[in-house]
Amino acid sequence: MPHRCLAALALAAAATPPPRQRHEIGKLPALGYNTWNDVRCDGVDAATILSLAQGLVQSNFSQKGYTFLNVDDCWQAPLLNEKGELVPDPIKFPDGIRPVVDKVHALGLRFGLYADRGFYTCAFRAGSRHKESIHAKQFHDWQIDYLKYDSCWSPNLRRKGALEDYARMRDALADYAPGVHYSLCGWSAWYAPAVSGEEGYHSWRISADCDEFANIYEAARTMERLSDFAGPAKGYNDPDMLVGTSTGAVTLTPTQSRTQFDLWCVLAAPLLLGTNPSRMNAWDLETYGDTEVIKIDQDPLGKQGTPVSSTCPP
């Protein structure tokens with residue numbers, strides 16, 4: 001980083017508990033694991049997913065709240081079938097998605113899947129554009145618990161069109177898969193005022209992928225102005241997934257990784273591990289297993305921290 005800065009963050013105090021929720025989905029930031037920062041595209045297959053699920057349990061991360069196991073891009077085939085349905089990659093998932101979901105659920109975990117509002121995903125797999133209801137029915141049949149909905153290859157590049165795309169899947173989930181945690185991935189801060197507090201939206205990405213520390217810094221600075229849009233009755237700002245120091249597609253230095261985790265907890269951000277829990281080094285195990293820090297992220301009030309003083313450059 002070209003700049004060094006010190007910033008103090010404080011959790012805003014609240015005198016009363018949060019209002020009664022219309023449902024329990026998304027009441028607090030999601031905790032779990034996502035495949036993208038770890039195995040990217042080529043490493044996604046049924047055997048790897050089941051191994052990761054076992055790792056979350058055996059490492060005791062699931063007991064600390066990390067219960068979502070989210071499969072990112074590349075689980076699906078490049079084309080839809082003749083019915084317009086998503087097709088699990090027959091090589092990666094020869095028995096389909098549902099048997100994998102059932103085994104993950106049997107371990108006490110929840111299962112997340114990835115889709116895209118465009119004609120294709122970011123990795124050129126089949127997208128969900130104009131097939132939202134068909135795909136939501138599939139998500140229900142597969143019993144998924146979380147949907148990350150990305151923003152690649154849609155002709156709707158402006159805000160109005162993007163929000164229309166996201167609303168179509170939101171409505172399809174409400175009709176056919178109402179128990180799914182819906183996570184928008186539009187990479188822009190303007191999603192926060194646009195969807196915060198709207199029924200059916202549980203989190204929204206506010207910045208570019210955090211695959212290097214410069215992007216993590218920018219995401220943290222962007223989060224500073226979005227605290228009013230986070231909370232149990234609103235949903236949560238998502239500055240992207242965690243990056244560890246162990247093996248994975250992307251890694252950080254120990255100081256950078258722990259700084260990201262501590263900031264994300266104060267900022268009431270979703271905490272999605274990007275490192276294989278079975279292969280974490282001692283530093284990552286200590287960082288992500290710190291229950292006192294996790295409690296800050298999972299405070300029932302759901303208040304996002306805000307800066308009280310800063311020497312950071314604008």
# chains A, B, ... in the order shown; residues from 1 in each chain; ligands from 1
call {"tool": "residues_around", "arguments": {"residues": "Ala194 (chain A)", "least_positions_apart": "2", "cutoff": "10 Å", "atoms": "only C-alpha atoms", "output": "PyMOL selection string"}}
result
chain A and resi 159-160+163+189-192+196-198+229
call {"tool": "write_last_selection", "arguments": {"atoms": "N, CA, C and O atoms", "output": "CSV table (one decimal), in the first residue's frame"}}
result
chain,number,residue,atom,x,y,z
A,159,ARG,N,-28.4,1.6,-13.7
A,159,ARG,CA,-28.9,1.2,-12.4
A,159,ARG,C,-30.4,0.6,-12.5
A,159,ARG,O,-30.7,-0.4,-11.9
A,160,LYS,N,-31.2,1.3,-13.2
A,160,LYS,CA,-32.6,0.9,-13.3
A,160,LYS,C,-32.7,-0.5,-13.8
A,160,LYS,O,-33.4,-1.4,-13.2
A,163,LEU,N,-31.4,-3.1,-11.2
A,163,LEU,CA,-32.3,-3.4,-10.1
A,163,LEU,C,-33.5,-4.2,-10.6
A,163,LEU,O,-34.0,-5.0,-9.8
A,189,ALA,N,-21.4,0.6,-4.6
A,189,ALA,CA,-22.0,1.1,-3.3
A,189,ALA,C,-23.4,1.6,-3.5
A,189,ALA,O,-24.2,1.7,-2.5
A,190,TRP,N,-23.9,2.0,-4.6
A,190,TRP,CA,-25.2,2.5,-4.8
A,190,TRP,C,-26.3,1.5,-4.5
A,190,TRP,O,-27.5,1.8,-4.4
A,191,TYR,N,-25.9,0.2,-4.5
A,191,TYR,CA,-26.9,-0.8,-4.2
A,191,TYR,C,-27.4,-0.6,-2.8
A,191,TYR,O,-28.6,-1.0,-2.5
A,192,ALA,N,-26.6,-0.1,-1.9
A,192,ALA,CA,-27.0,0.0,-0.5
A,192,ALA,C,-28.3,0.8,-0.3
A,192,ALA,O,-29.3,0.4,0.3
A,196,SER,N,-31.6,-1.5,0.6
A,196,SER,CA,-31.6,-1.7,2.0
A,196,SER,C,-33.0,-1.5,2.5
A,196,SER,O,-33.7,-0.6,2.2
A,197,GLY,N,-33.4,-2.5,3.4
A,197,GLY,CA,-34.7,-2.4,3.9
A,197,GLY,C,-35.8,-3.0,3.1
A,197,GLY,O,-36.9,-3.2,3.5
A,198,GLU,N,-35.5,-3.3,1.8
A,198,GLU,CA,-36.5,-3.9,0.9
A,198,GLU,C,-36.6,-5.4,1.3
A,198,GLU,O,-35.6,-6.1,1.5
A,229,PHE,N,-27.3,1.9,6.2
A,229,PHE,CA,-28.1,1.0,5.4
A,229,PHE,C,-28.0,-0.4,5.9
A,229,PHE,O,-28.5,-1.4,5.3
call {"tool": "closest_atom_pairs", "arguments": {"of": "region 68-181 of chain A", "to": "region 251-275 of chain A", "cutoff": "9 Å", "atoms": "only C-alpha atoms", "output": "tab-separated table"}}
result
residue	atom	partner	partner_atom	distance
A:Phe68	CA	A:Leu272	CA	8.1
A:Leu69	CA	A:Leu272	CA	8.8
A:Asn70	CA	A:Leu272	CA	8.5
call {"tool": "residues_around", "arguments": {"residues": "Lys234 (chain A)", "least_positions_apart": "4", "cutoff": "12 Å", "atoms": "only C-alpha atoms", "output": "count of residues only"}}
result
33
call {"tool": "select_by_dssp", "arguments": {"residues": "region 134-184 of chain A", "states": "helix (DSSP H, G or I)", "output": "ChimeraX atom specification"}}
result
/A:134-142,159-176
call {"tool": "write_last_selection", "arguments": {"atoms": "C-alpha atoms", "output": "short mmCIF file (atom, residue, chain, number, x, y, z; two decimals), in the first residue's frame"}}
result
data_model
loop_
_atom_site.label_atom_id
_atom_site.label_comp_id
_atom_site.auth_asym_id
_atom_site.auth_seq_id
_atom_site.Cartn_x
_atom_site.Cartn_y
_atom_site.Cartn_z
CA ILE A 134 -37.39 -21.80 -13.64
CA HIS A 135 -34.12 -21.54 -11.75
CA ALA A 136 -35.74 -20.56 -8.46
CA LYS A 137 -37.81 -23.75 -8.68
CA GLN A 138 -34.58 -25.69 -9.18
CA PHE A 139 -33.03 -24.00 -6.15
CA HIS A 140 -36.05 -25.07 -4.11
CA ASP A 141 -35.87 -28.63 -5.42
CA TRP A 142 -32.18 -28.75 -4.54
CA ARG A 159 -28.94 1.19 -12.36
CA LYS A 160 -32.60 0.89 -13.28
CA GLY A 161 -32.03 -2.18 -15.42
CA ALA A 162 -29.73 -3.81 -12.89
CA LEU A 163 -32.29 -3.36 -10.13
CA GLU A 164 -34.99 -4.81 -12.38
CA ASP A 165 -32.81 -7.87 -12.98
CA TYR A 166 -32.19 -8.36 -9.29
CA ALA A 167 -35.86 -7.82 -8.45
CA ARG A 168 -36.95 -10.55 -10.87
CA MET A 169 -34.84 -13.14 -9.04
CA ARG A 170 -35.91 -11.71 -5.67
CA ASP A 171 -39.56 -12.19 -6.66
CA ALA A 172 -38.91 -15.67 -8.08
CA LEU A 173 -37.25 -16.73 -4.84
CA ALA A 174 -40.16 -15.34 -2.83
CA ASP A 175 -42.57 -17.40 -4.94
CA TYR A 176 -40.67 -20.66 -5.20
#
call {"tool": "residues_around", "arguments": {"residues": "Phe124 (chain A)", "least_positions_apart": "2", "cutoff": "10 Å", "atoms": "only C-alpha atoms", "output": "ChimeraX atom specification"}}
result
/A:73-74,76-79,119-122,126-127,152-153
call {"tool": "select_by_dssp", "arguments": {"residues": "region 40-267 of chain A", "states": "strand (DSSP E)", "output": "count of residues only"}}
result
25
call {"tool": "atom_distance", "arguments": {"atom1": "CA of Ala220 (chain A)", "atom2": "CA of Pro277 (chain A)"}}
result
24.7 Å
call {"tool": "residues_around", "arguments": {"residues": "Phe61 (chain A)", "least_positions_apart": "3", "cutoff": "10 Å", "atoms": "only C-alpha atoms", "output": "mmCIF file with C-alpha atoms, in the first residue's frame"}}
result
data_model
loop_
_atom_site.group_PDB
_atom_site.id
_atom_site.type_symbol
_atom_site.label_atom_id
_atom_site.label_comp_id
_atom_site.auth_asym_id
_atom_site.auth_seq_id
_atom_site.Cartn_x
_atom_site.Cartn_y
_atom_site.Cartn_z
ATOM 1 C CA LEU A 31 -20.862 -16.708 8.305
ATOM 2 C CA GLY A 32 -19.328 -19.516 6.320
ATOM 3 C CA TYR A 33 -17.001 -20.391 3.459
ATOM 4 C CA GLY A 55 -13.309 -29.565 7.149
ATOM 5 C CA LEU A 56 -15.673 -26.880 8.449
ATOM 6 C CA VAL A 57 -17.001 -29.343 11.012
ATOM 7 C CA GLN A 58 -13.744 -31.052 11.992
ATOM 8 C CA LYS A 64 -18.331 -21.061 15.921
ATOM 9 C CA GLY A 65 -21.046 -20.042 13.488
ATOM 10 C CA TYR A 66 -19.471 -20.642 10.063
ATOM 11 C CA THR A 67 -22.339 -22.725 8.740
ATOM 12 C CA PRO A 277 -10.397 -24.915 6.772
ATOM 13 C CA LEU A 285 -6.935 -20.669 12.646
ATOM 14 C CA TYR A 288 -10.868 -16.723 12.102
ATOM 15 C CA GLY A 289 -11.497 -18.741 15.250
#
call {"tool": "closest_residue", "arguments": {"among": "A:Leu242, A:Ala47, A:Val293, A:Val308", "to": "Ile91 (chain A)", "atoms": "only C-alpha atoms"}}
result
A:Ala47
call {"tool": "closest_residue", "arguments": {"among": "A:Glu224, A:Asp72, A:Glu286, A:Glu218", "to": "Val44 (chain A)", "atoms": "only C-alpha atoms"}}
result
A:Asp72
call {"tool": "closest_residue", "arguments": {"among": "A:Val104, A:Ala249, A:Ile216, A:Leu80", "to": "Leu52 (chain A)", "atoms": "only C-alpha atoms"}}
result
A:Val104
call {"tool": "closest_residue", "arguments": {"among": "A:Ser151, A:Ser207, A:Ser133, A:Gln298", "to": "Pro232 (chain A)", "atoms": "only C-alpha atoms"}}
result
A:Gln298
call {"tool": "atom_distance", "arguments": {"atom1": "CA of Gly186 (chain A)", "atom2": "CA of Met223 (chain A)"}}
result
14.8 Å
call {"tool": "atom_distance", "arguments": {"atom1": "CA of Asn281 (chain A)", "atom2": "CA of Thr247 (chain A)"}}
result
8.7 Å
call {"tool": "closest_residue", "arguments": {"among": "A:Gln143, A:Asn34, A:Ser128, A:Asn81", "to": "Val101 (chain A)", "atoms": "only C-alpha atoms"}}
result
A:Gln143
